[in-house]
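This report concerns only the one structure given below.
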Amino acid sequence: MSELVLLLLRIGFLVVLWFFVFGVIYSLRADLFGVKVRKLPVEATAGGAPAASATPAPVQAPRPASAKPSTGPATIATAKRLVITSGPKAGLELPLGADSLTIGRSSESALVIRDDYTSSHHARLMLRGDSWAIQDLDSTNGTFVAGQRVSGSPVNLSLGTPIKVGATTFELRA
């Protein structure tokens with residue numbers, strides 16, 4: 001074998017070795033710090049309502065513990081927005097569309113909640129007929145509606161009922 005071929009093989013081996021080292025470093029960095037999350041656009045949605053607010057809206061004062069959430073078909077069908085009442089994104093309001101809304105830690109979710117108690121695909125908020133319902137997607141720490149853990153089947157919601165996913169609490173409002 002000529003010296004030129006041997007030199008090219010050595011250089012090729014070093015290049016492949018460096019690609020491997022950089023791949024390992026990139027993988028470690030992604031595992032330690034996570035991957036970048038795409039942010040929701042601030043542009044208007046098809047219904048004309050903004051997709052997400054850059055500044056959170058003020059949160060209303062909490063209701064007294066004796067106040068019961070309203071129930072009945074008239075109040076269920078009027079839910080137009082989802083308001084986060086406590087947690088890292090407290091005050092954020094999301095307009096509800098005509099479909100479902102996924103909740104989780106994954107950047108593919110419509111409502112991204114970044115905390116240690118939220119699964120990647122935690123829960124799904126969906127419109128069933130004229131009422132909103134929430135379904136737990138086999139999350140590790142569960143989804144709670146008015147303090148009760150949600151099992152596999154969807155649970156109907158009414159306005160003002162607190163829903164807890166991880167360390168975040170939100171509710172449906174008109």
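Labeling convention for the structure tokens: chains A, B, ... as they appear, residues from 1 per chain, ligands from 1 in order of appearance.
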Test item: residues at most 10 Å from Ile113 (chain A), only C-alpha atoms, excluding those fewer than 6 positions along its chain, as a VMD selection string = chain A and resid 87 to 89 103 to 107 119 to 120 122 165 to 168
Got a sec to tell me which of region 70-163 of chain A DSSP assigns to strand (DSSP E or B), as a ChimeraX atom specification?
-> /A:81-86,93-95,101-104,111-112,123-128,131-136,143-145,148-149,155-156,163
